[in-house]
Structures are given as C-alpha cells and as structure tokens.
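J.: Sharing query08.cif below, mmCIF, C-alpha atoms and all ligand atoms:
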```
data_target
#
loop_
_atom_site.label_atom_id
_atom_site.label_comp_id
_atom_site.auth_asym_id
_atom_site.auth_seq_id
_atom_site.Cartn_x
_atom_site.Cartn_y
_atom_site.Cartn_z
CA MET A 111 56.06 -20.82 18.09
CA ARG A 112 52.84 -21.59 19.91
CA ILE A 113 50.24 -22.91 17.51
CA VAL A 114 46.72 -24.33 17.86
CA LEU A 115 45.18 -26.53 15.16
CA VAL A 116 41.40 -26.43 15.02
CA GLY A 117 38.98 -28.13 12.65
CA PRO A 118 36.34 -30.86 12.66
CA PRO A 119 37.24 -34.45 13.53
CA GLY A 120 38.87 -35.91 10.42
CA ALA A 121 40.00 -32.56 9.01
CA GLY A 122 43.60 -33.81 9.12
CA LYS A 123 44.85 -32.09 12.29
CA GLY A 124 46.86 -35.10 13.48
CA THR A 125 48.22 -35.74 9.98
CA GLN A 126 49.37 -32.15 9.55
CA ALA A 127 50.63 -31.93 13.14
CA GLN A 128 53.06 -34.81 12.42
CA PHE A 129 54.71 -32.83 9.62
CA LEU A 130 54.45 -29.36 11.11
CA SER A 131 55.87 -30.29 14.50
CA SER A 132 58.95 -31.93 12.97
CA HIS A 133 59.37 -29.11 10.44
CA LEU A 134 59.14 -26.45 13.17
CA SER A 135 60.91 -28.52 15.87
CA ILE A 136 58.14 -28.05 18.40
CA PRO A 137 56.30 -30.83 20.28
CA LYS A 138 52.91 -31.95 19.02
CA ILE A 139 50.50 -32.10 21.92
CA SER A 140 47.34 -34.02 21.03
CA THR A 141 44.80 -34.28 23.83
CA GLY A 142 43.09 -37.15 21.96
CA ASP A 143 46.40 -39.08 21.81
CA ILE A 144 47.06 -38.48 25.51
CA PHE A 145 43.55 -39.69 26.42
CA ARG A 146 43.90 -42.77 24.19
CA ASP A 147 47.27 -43.60 25.72
CA ASN A 148 45.71 -43.40 29.20
CA VAL A 149 42.76 -45.57 28.13
CA LYS A 150 45.21 -48.16 26.76
CA ARG A 151 47.16 -48.21 30.03
CA SER A 152 43.90 -48.17 32.02
CA THR A 153 45.03 -45.30 34.26
CA ALA A 154 42.54 -43.47 36.51
CA LEU A 155 42.46 -40.65 33.92
CA GLY A 156 41.85 -43.12 31.09
CA ARG A 157 39.02 -44.85 32.98
CA ARG A 158 37.32 -41.48 33.60
CA ALA A 159 37.74 -40.29 29.99
CA LYS A 160 36.72 -43.48 28.17
CA GLN A 161 32.97 -43.25 28.64
CA TYR A 162 32.89 -39.76 27.08
CA MET A 163 35.23 -40.69 24.24
CA ASP A 164 33.22 -43.80 23.33
CA ARG A 165 30.09 -41.67 22.99
CA GLY A 166 31.90 -38.98 21.00
CA ASP A 167 31.32 -36.39 23.72
CA LEU A 168 33.93 -34.02 25.09
CA VAL A 169 35.68 -35.16 28.24
CA PRO A 170 34.72 -32.71 31.06
CA ASP A 171 36.79 -29.54 31.16
CA GLU A 172 38.24 -30.05 34.64
CA ILE A 173 39.80 -33.37 33.60
CA THR A 174 41.06 -32.08 30.25
CA ILE A 175 42.42 -28.81 31.55
CA ALA A 176 44.36 -30.42 34.42
CA MET A 177 45.95 -32.79 31.92
CA VAL A 178 46.94 -29.97 29.55
CA ARG A 179 48.29 -27.88 32.42
CA ASP A 180 50.61 -30.77 33.38
CA ARG A 181 51.73 -31.32 29.80
CA LEU A 182 52.45 -27.63 29.15
CA SER A 183 54.60 -27.47 32.27
CA GLU A 184 57.03 -30.05 30.85
CA ASP A 185 60.44 -28.83 29.70
CA ASP A 186 59.95 -29.48 25.98
CA ALA A 187 56.88 -27.22 25.83
CA GLN A 188 58.54 -24.10 27.22
CA GLU A 189 59.75 -22.69 23.88
CA GLY A 190 56.74 -23.63 21.78
CA PHE A 191 54.18 -26.29 20.94
CA LEU A 192 51.57 -27.37 18.46
CA LEU A 193 48.25 -28.14 20.14
CA ASP A 194 46.02 -30.62 18.29
CA GLY A 195 42.50 -31.03 19.67
CA PHE A 196 42.76 -28.47 22.46
CA PRO A 197 41.06 -26.10 23.09
CA ARG A 198 37.72 -27.51 21.98
CA ASN A 199 35.36 -24.97 23.53
CA VAL A 200 35.50 -21.34 24.66
CA PRO A 201 36.02 -22.08 28.40
CA GLN A 202 39.09 -24.20 27.49
CA ALA A 203 40.38 -21.35 25.28
CA GLU A 204 39.97 -18.89 28.14
CA VAL A 205 41.85 -21.14 30.56
CA LEU A 206 44.62 -21.67 27.98
CA LYS A 207 45.00 -17.92 27.71
CA LYS A 208 45.37 -17.65 31.50
CA MET A 209 47.88 -20.53 31.61
CA LEU A 210 49.98 -18.82 28.94
CA ASP A 211 49.73 -15.47 30.75
CA GLU A 212 51.20 -17.21 33.80
CA MET A 213 54.08 -18.42 31.61
CA ASP A 214 54.44 -14.88 30.21
CA ALA A 215 53.60 -16.28 26.79
CA ARG A 216 50.84 -16.11 24.18
CA LEU A 217 49.57 -18.05 21.19
CA ASP A 218 51.11 -16.95 17.89
CA VAL A 219 48.54 -18.39 15.53
CA VAL A 220 45.47 -20.61 15.30
CA LEU A 221 45.21 -22.60 12.07
CA GLU A 222 41.69 -23.62 11.11
CA LEU A 223 41.65 -26.63 8.77
CA VAL A 224 38.61 -26.12 6.54
CA VAL A 225 36.94 -29.18 4.99
CA ASP A 226 33.27 -30.15 4.45
CA ASP A 227 31.31 -32.85 6.33
CA ASP A 228 31.17 -35.36 3.43
CA GLU A 229 34.95 -35.37 3.14
CA VAL A 230 35.30 -35.69 6.92
CA VAL A 231 33.10 -38.81 6.91
CA ARG A 232 35.16 -40.31 4.04
CA ARG A 233 38.37 -39.60 5.94
CA LEU A 234 37.22 -40.90 9.32
CA SER A 235 35.62 -44.08 8.03
CA GLY A 236 38.93 -45.16 6.43
CA ARG A 237 41.25 -43.92 9.17
CA ARG A 238 43.68 -46.43 10.66
CA THR A 239 46.10 -45.65 13.49
CA CYS A 240 49.31 -47.42 14.49
CA ARG A 241 49.08 -49.04 17.92
CA VAL A 242 52.81 -48.54 18.50
CA CYS A 243 53.84 -45.12 17.13
CA GLY A 244 50.44 -43.46 16.66
CA ARG A 245 51.04 -42.61 12.97
CA VAL A 246 47.75 -42.05 11.13
CA TRP A 247 46.97 -43.79 7.80
CA HIS A 248 43.96 -44.04 5.48
CA VAL A 249 42.91 -47.22 3.68
CA LEU A 250 42.38 -45.33 0.37
CA PHE A 251 43.96 -41.87 0.65
CA ASP A 252 47.20 -42.79 2.44
CA PRO A 253 47.52 -46.58 2.52
CA PRO A 254 50.50 -48.32 4.10
CA GLY A 255 52.58 -50.64 1.88
CA ARG A 256 51.23 -53.73 3.64
CA GLU A 257 47.61 -53.70 4.73
CA GLY A 258 47.26 -53.60 8.51
CA ASP A 259 50.93 -52.76 9.23
CA CYS A 260 52.54 -49.38 9.86
CA ASP A 261 55.25 -48.56 7.27
CA ASP A 262 57.09 -46.38 9.79
CA CYS A 263 57.51 -48.86 12.65
CA GLY A 264 55.88 -52.16 11.63
CA GLY A 265 53.22 -51.79 14.37
CA GLU A 266 49.69 -53.10 14.03
CA LEU A 267 47.07 -50.69 12.64
CA PHE A 268 43.65 -50.41 14.27
CA GLN A 269 40.37 -48.59 13.69
CA ARG A 270 39.40 -46.21 16.47
CA ASP A 271 36.22 -47.16 18.39
CA ASP A 272 34.83 -43.65 17.89
CA ASP A 273 35.23 -43.83 14.09
CA ARG A 274 31.93 -45.73 13.71
CA GLU A 275 29.33 -43.97 11.59
CA GLU A 276 26.85 -43.00 14.34
CA THR A 277 29.63 -41.76 16.63
CA ILE A 278 31.17 -39.77 13.75
CA ARG A 279 27.85 -38.01 13.21
CA HIS A 280 27.58 -37.17 16.91
CA ARG A 281 31.18 -35.87 17.02
CA LEU A 282 30.37 -33.54 14.11
CA GLU A 283 27.37 -32.16 16.05
CA VAL A 284 29.58 -31.66 19.12
CA TYR A 285 32.09 -29.83 16.91
CA GLN A 286 29.37 -27.55 15.48
CA GLU A 287 27.89 -26.74 18.88
CA GLN A 288 30.92 -26.49 21.11
CA THR A 289 34.02 -25.95 19.01
CA THR A 290 32.97 -23.61 16.17
CA PRO A 291 32.50 -20.67 18.62
CA LEU A 292 36.32 -20.80 18.94
CA ILE A 293 36.59 -19.60 15.36
CA SER A 294 35.14 -16.18 16.18
CA PHE A 295 36.93 -16.16 19.57
CA TYR A 296 40.32 -16.40 17.82
CA ALA A 297 39.26 -14.20 14.88
CA ASP A 298 38.51 -11.48 17.46
CA GLU A 299 42.00 -11.99 18.88
CA GLY A 300 43.40 -11.44 15.37
CA ILE A 301 45.32 -14.75 15.25
CA LEU A 302 43.01 -16.98 13.17
CA MET A 303 44.25 -18.26 9.80
CA GLY A 304 41.96 -20.43 7.65
CA VAL A 305 43.65 -23.17 5.62
CA ASP A 306 41.94 -25.07 2.78
CA ALA A 307 42.39 -28.67 4.00
CA THR A 308 41.13 -30.41 0.84
CA GLY A 309 43.38 -32.18 -1.67
CA PRO A 310 46.58 -34.15 -1.10
CA VAL A 311 48.22 -34.09 2.35
CA GLU A 312 51.41 -32.41 0.97
CA ASN A 313 49.39 -29.56 -0.57
CA VAL A 314 47.65 -28.94 2.75
CA THR A 315 51.05 -28.90 4.52
CA ASP A 316 52.34 -26.35 1.98
CA ARG A 317 49.29 -24.14 2.56
CA ALA A 318 49.67 -24.44 6.34
CA LEU A 319 53.37 -23.49 6.17
CA ALA A 320 52.52 -20.54 3.90
CA ALA A 321 49.91 -19.39 6.45
CA LEU A 322 52.47 -19.71 9.28
CA ARG A 323 55.28 -17.87 7.47
CA PRO A 324 54.25 -14.33 8.51
CA PHE A 325 54.30 -15.46 12.17
CA MET A 326 57.67 -17.20 12.04
CA GLU A 327 59.93 -14.25 12.87
P1 LIG B 401 41.99 -35.29 12.79
O1 LIG B 401 43.25 -35.35 13.63
O2 LIG B 401 41.64 -33.88 12.38
O3 LIG B 401 40.83 -36.01 13.40
P2 LIG B 401 43.46 -37.09 11.00
O4 LIG B 401 44.74 -36.37 10.80
O5 LIG B 401 43.46 -38.27 11.91
O6 LIG B 401 42.29 -36.04 11.43
O7 LIG B 401 42.93 -37.52 9.55
C1 LIG B 401 41.72 -38.28 9.40
C2 LIG B 401 41.91 -39.30 8.25
O8 LIG B 401 42.00 -38.60 7.01
C3 LIG B 401 43.18 -40.14 8.36
O9 LIG B 401 42.89 -41.45 7.94
C4 LIG B 401 44.17 -39.46 7.40
O10 LIG B 401 45.07 -40.40 6.83
C5 LIG B 401 43.22 -38.90 6.34
N1 LIG B 401 43.69 -37.64 5.76
C6 LIG B 401 44.31 -36.61 6.40
N2 LIG B 401 44.57 -35.60 5.53
C7 LIG B 401 44.07 -35.99 4.33
C8 LIG B 401 44.03 -35.40 3.01
N3 LIG B 401 44.54 -34.18 2.79
N4 LIG B 401 43.44 -36.10 2.02
C9 LIG B 401 42.90 -37.33 2.27
N5 LIG B 401 42.93 -37.95 3.45
C10 LIG B 401 43.50 -37.28 4.48
P1 LIG B 402 40.56 -36.56 18.87
O1 LIG B 402 41.67 -37.56 18.84
O2 LIG B 402 41.06 -35.14 18.87
O3 LIG B 402 39.54 -36.81 17.77
O4 LIG B 402 39.81 -36.75 20.26
C1 LIG B 402 39.18 -37.97 20.60
C2 LIG B 402 38.26 -37.78 21.81
O5 LIG B 402 39.04 -37.37 22.94
C3 LIG B 402 37.21 -36.70 21.64
O6 LIG B 402 36.04 -37.14 20.96
C4 LIG B 402 36.92 -36.35 23.12
O7 LIG B 402 36.12 -37.35 23.73
C5 LIG B 402 38.31 -36.44 23.73
N1 LIG B 402 39.00 -35.12 23.67
C6 LIG B 402 40.12 -34.82 22.96
N2 LIG B 402 40.47 -33.53 23.16
C7 LIG B 402 39.54 -32.99 24.01
C8 LIG B 402 39.33 -31.71 24.57
N3 LIG B 402 40.15 -30.68 24.31
N4 LIG B 402 38.27 -31.54 25.40
C9 LIG B 402 37.44 -32.55 25.69
N5 LIG B 402 37.56 -33.79 25.17
C10 LIG B 402 38.61 -34.02 24.33
#
```
Is it possible to express this structure as structure tokens?
T.:
Amino acid sequence: MRIVLVGPPGAGKGTQAQFLSSHLSIPKISTGDIFRDNVKRSTALGRRAKQYMDRGDLVPDEITIAMVRDRLSEDDAQEGFLLDGFPRNVPQAEVLKKMLDEMDARLDVVLELVVDDDEVVRRLSGRRTCRVCGRVWHVLFDPPGREGDCDDCGGELFQRDDDREETIRHRLEVYQEQTTPLISFYADEGILMGVDATGPVENVTDRALAALRPFME
C-alpha cells in the first residue's frame, strides 16, 4: 500500500506511523526524521535544511523533493510506503503524483489525523525523542519507564529544538497556510480519510486501521 499521513505537527503522525508501518510491513518514510538525521551528521543537506527547521518554516521544495525522490527510488519502497510529513503543500503533492506516475503507481489513501490546536500544543510541549532509535515518547501521555531513557533501546531522550512554544505556534500557522490546502486536494482525488486522533494511542491506531481496511485488497 502507498499511504500518506497528514495532520498538524503533534497530531501523532510519527507515533502512528511506527505501528502502522510494522503492522502493514511497509517502510515509514518521515521527511522530518531524514532532515534531522542529516542535521545530526552535519551533511550538506542538513546544513541547508537546519535554518528553516529551527524557525519552523518548510524547507524549500527543491531540496525536499530531491530528497524524497532519492528515498522513493530505494528498493524497499517499490511495493509500498507510509509517508509521514510529505507532502506538506500542493506543489509537493503534484510532484509526488508525477513521481508515482513514472513508477506506474498511485497513492491508495491519505489519512488525515484530526486533533485541535490545544491538544497539539500539549503533545508537542511534552514530546521527547530517542537520539538512537528515533522512538517518540511523551513525558505525561506516554512516559518511558525511566525518565530520560528510551525503553526500546536505552538511548538518551531529547527535546526537539523546534518544540519550543513560539516555534510551535509558527509551525501551526505554516500548517494552516500551506498544508491544509492538501485536504481538499486529496478529497477531490477521492482518497482522503479523516481519522479522529484524540484519545489513547491504541484507539487512534485502531481507527486508522479501520479506515485503511477498505483499501487493503
Ligand atoms: P507528529 O509526528 O504528528 O508531529 P508525534 O507522533 O511526534 O506527532 O506525537 C507528538 C507527541 O504527542 C509525542 O510526544 C507523542 O508521544 C504524543 N502523542 C501521540 N499520540 C498521542 C495520543 N493519542 N495521545 C496523547 N499523546 C500522544
Ligand atoms: P516534522 O518532523 O514532520 O515535524 O518536520 C520537522 C521540520 O522538518 C519541519 O518543520 C520542516 O522544517 C521540515 N520538513 C519536514 N517535512 C517537510 C516537507 N515535506 N517540506 C518541507 N519541510 C519539511
């Protein structure tokens, strides 16, 4: 299956992508994770992306699209994928469509995780990420057994630089202005499914799987 997850920052895309990709045996492709990995390794791509990420702005399309094109050409993405954080505006969605046309493929479904701004701020301000395996935790809603350490791999947890309050607010504005037009873009294509992303993580996963079921054959 070829799936896109869309929703505001903090909606739970990365959290759900972890479960859905292993359940469906398709790779999770998170553009945010790829950028952060490049920033950590201080590659040329990471050095170009960092200034935009720190401000909470989108990284320019030509950089992002080239990176996604490379990733989608890898062997593991040929039979399906779960995109988390891409596309983030209509031009990216149009290019994705062209890339898939070239592969003689198409998206099966776009899942929109629906959650309000207050909840998003609560989620982002307590988010912690593992430096080693990338697993996402929350200090209140999904705490690890030992504060500061990842239960899965023992790695150190850190707070993302862009999860500060003023940057969170700016990222929500960017989402409203640039990403919400994707909702009607994919609704027009007939592949948009809204998923209530409130409540416990497992309930959201169940709702997401129920929304995917009709597309699984
Ligand atoms: P996104 O990838 O959409 O930015 P994340 O998956 O990183 O969002 O989730 C943001 C934060 O919210 C994380 O700390 C995560 O643990 C927490 N979270 C995710 N889903 C839920 C949920 N259903 N209820 C409460 N907290 C959640
Ligand atoms: P995320 O991990 O999805 O919250 O993304 C973190 C940051 O990476 C964003 O605020 C952007 O700066 C950048 N980013 C991730 N995906 C994209 C994208 N598709 N287009 C442009 N910038 C992106």
J.: A:Gly190, A:Gly120, A:Gly304, A:Pro254: which is nearest ligand LIG 402 (chain B), counting all atoms listed in the file?
T.: A:Gly120
J.: Could I get the residue neighbourhood of ligand LIG 402 (chain B) at 7 Å, counting all atoms listed in the file, as number ranges by chain?
T.: A: 119, 140-143, 145, 162-163, 166-171, 174, 194-198, 281
J.: With only C-alpha atoms and all ligand atoms as the atoms that count, which of A:Val116, A:Ala176, A:Leu267, A:Leu192 lies nearest to ligand LIG 401 (chain B)?
T.: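 Residue with the minimum atom-to-atom distance to ligand LIG 401 (chain B): A:Val116.
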J.: Using only C-alpha atoms and all ligand atoms, what does the table of chain A residues within 7 Å of ligand LIG 401 (chain B) look like, with each row giving the shortest atom pair and its distance in Å to one decimal, sorted by chain and ascending number, as a Markdown table?
T.:
```
| residue | atom | partner | partner_atom | distance |
| --- | --- | --- | --- | --- |
| A:Gly117 | CA | B:LIG401 | O2 | 6.3 |
| A:Pro118 | CA | B:LIG401 | O2 | 6.1 |
| A:Pro119 | CA | B:LIG401 | O3 | 3.9 |
| A:Gly120 | CA | B:LIG401 | O3 | 3.6 |
| A:Ala121 | CA | B:LIG401 | O2 | 4.0 |
| A:Gly122 | CA | B:LIG401 | O4 | 3.3 |
| A:Lys123 | CA | B:LIG401 | O2 | 3.7 |
| A:Gly124 | CA | B:LIG401 | O1 | 3.6 |
| A:Thr125 | CA | B:LIG401 | O4 | 3.6 |
| A:Gln126 | CA | B:LIG401 | O4 | 6.4 |
| A:Arg233 | CA | B:LIG401 | O8 | 3.9 |
| A:Leu234 | CA | B:LIG401 | C2 | 5.1 |
| A:Gly236 | CA | B:LIG401 | O9 | 5.6 |
| A:Arg237 | CA | B:LIG401 | O9 | 3.2 |
| A:Arg238 | CA | B:LIG401 | O9 | 5.7 |
| A:Val246 | CA | B:LIG401 | O10 | 5.3 |
| A:Trp247 | CA | B:LIG401 | O10 | 4.0 |
| A:His248 | CA | B:LIG401 | O9 | 3.7 |
| A:Phe251 | CA | B:LIG401 | N5 | 4.9 |
| A:Asp252 | CA | B:LIG401 | O10 | 5.4 |
| A:Ala307 | CA | B:LIG401 | N3 | 6.0 |
| A:Thr308 | CA | B:LIG401 | N3 | 5.4 |
| A:Gly309 | CA | B:LIG401 | N3 | 5.0 |
| A:Pro310 | CA | B:LIG401 | N3 | 4.4 |
| A:Val311 | CA | B:LIG401 | N3 | 3.7 |
| A:Val314 | CA | B:LIG401 | N3 | 6.1 |
```
J.: Have a look at atom CA of Asn148 of chain A and atom CA of Gly265 of chain A and let me know their distance in Å, one decimal.
T.: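 Between atom CA of Asn148 of chain A and atom CA of Gly265 of chain A the gap works out to 18.6 Å.
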J.: Would you kindly return, as a list in words, each protein, DNA or RNA residue with an atom no farther than 9 Å from any atom of Leu217 of chain A, considering only C-alpha atoms and excluding same-chain residues fewer than 4 positions away?
T.: Met111, Arg112, Ile113, Val114, Lys207, Leu210 and Ile301 of chain A
J.: Quick one: pull the distance between atom CA of Gln202 of chain A and atom CA of Ile293 of chain A, Å, one decimal.
T.: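 Separation between atom CA of Gln202 of chain A and atom CA of Ile293 of chain A: 13.2 Å.
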J.: Between A:Ala215, A:Cys243, A:Leu182, A:Val205, which one has atoms that come closest to Cys263 of chain A, using only C-alpha atoms?
T.: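 Result for the nearest residue to Cys263 of chain A: A:Cys243.
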J.: Would you compute the distance between atom CA of Phe268 of chain A and atom CA of Cys240 of chain A? Give it in Å to one decimal.
T.: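 Computed distance, atom CA of Phe268 of chain A to atom CA of Cys240 of chain A, equals 6.4 Å.
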J.: Looking at A:Asp306, A:Glu257, A:Ser135, A:Thr289, which one is nearest to Asp186 of chain A, with distances taken over all atoms listed in the file?
T.: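 Between A:Asp306, A:Glu257, A:Ser135, A:Thr289, the residue approaching Asp186 of chain A most closely is A:Ser135.
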J.: Of the candidates A:Ile175, A:Leu130, A:Met303, A:Leu250, which one gets nearest to Ala203 of chain A if we count all atoms listed in the file?
T.: A:Ile175
J.: Rank nothing, just name the residue among A:Leu282, A:Asp227, A:Glu266, A:Glu204 nearest to Phe295 of chain A, using all atoms listed in the file.
T.: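 Ranking A:Leu282, A:Asp227, A:Glu266, A:Glu204 by distance to Phe295 of chain A, first place goes to A:Glu204.
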J.: Which neighbours of Met213 of chain A fall inside 9 Å, counting all atoms listed in the file, when residues of the same chain fewer than 4 positions from it are skipped, and could you give them as a VMD selection string?
T.: chain A and resid 188 208 to 209
J.: Kindly list the centre and edge lengths in Å, rounded to one decimal, for the axis-aligned box that covers all listed atoms of segment 130-146 of chain A plus 8 Å on each of its six sides, as lines of an AutoDock Vina configuration file.
T.:
```
center_x = 52.0
center_y = -34.6
center_z = 18.4
size_x = 33.8
size_y = 32.3
size_z = 32.0
```
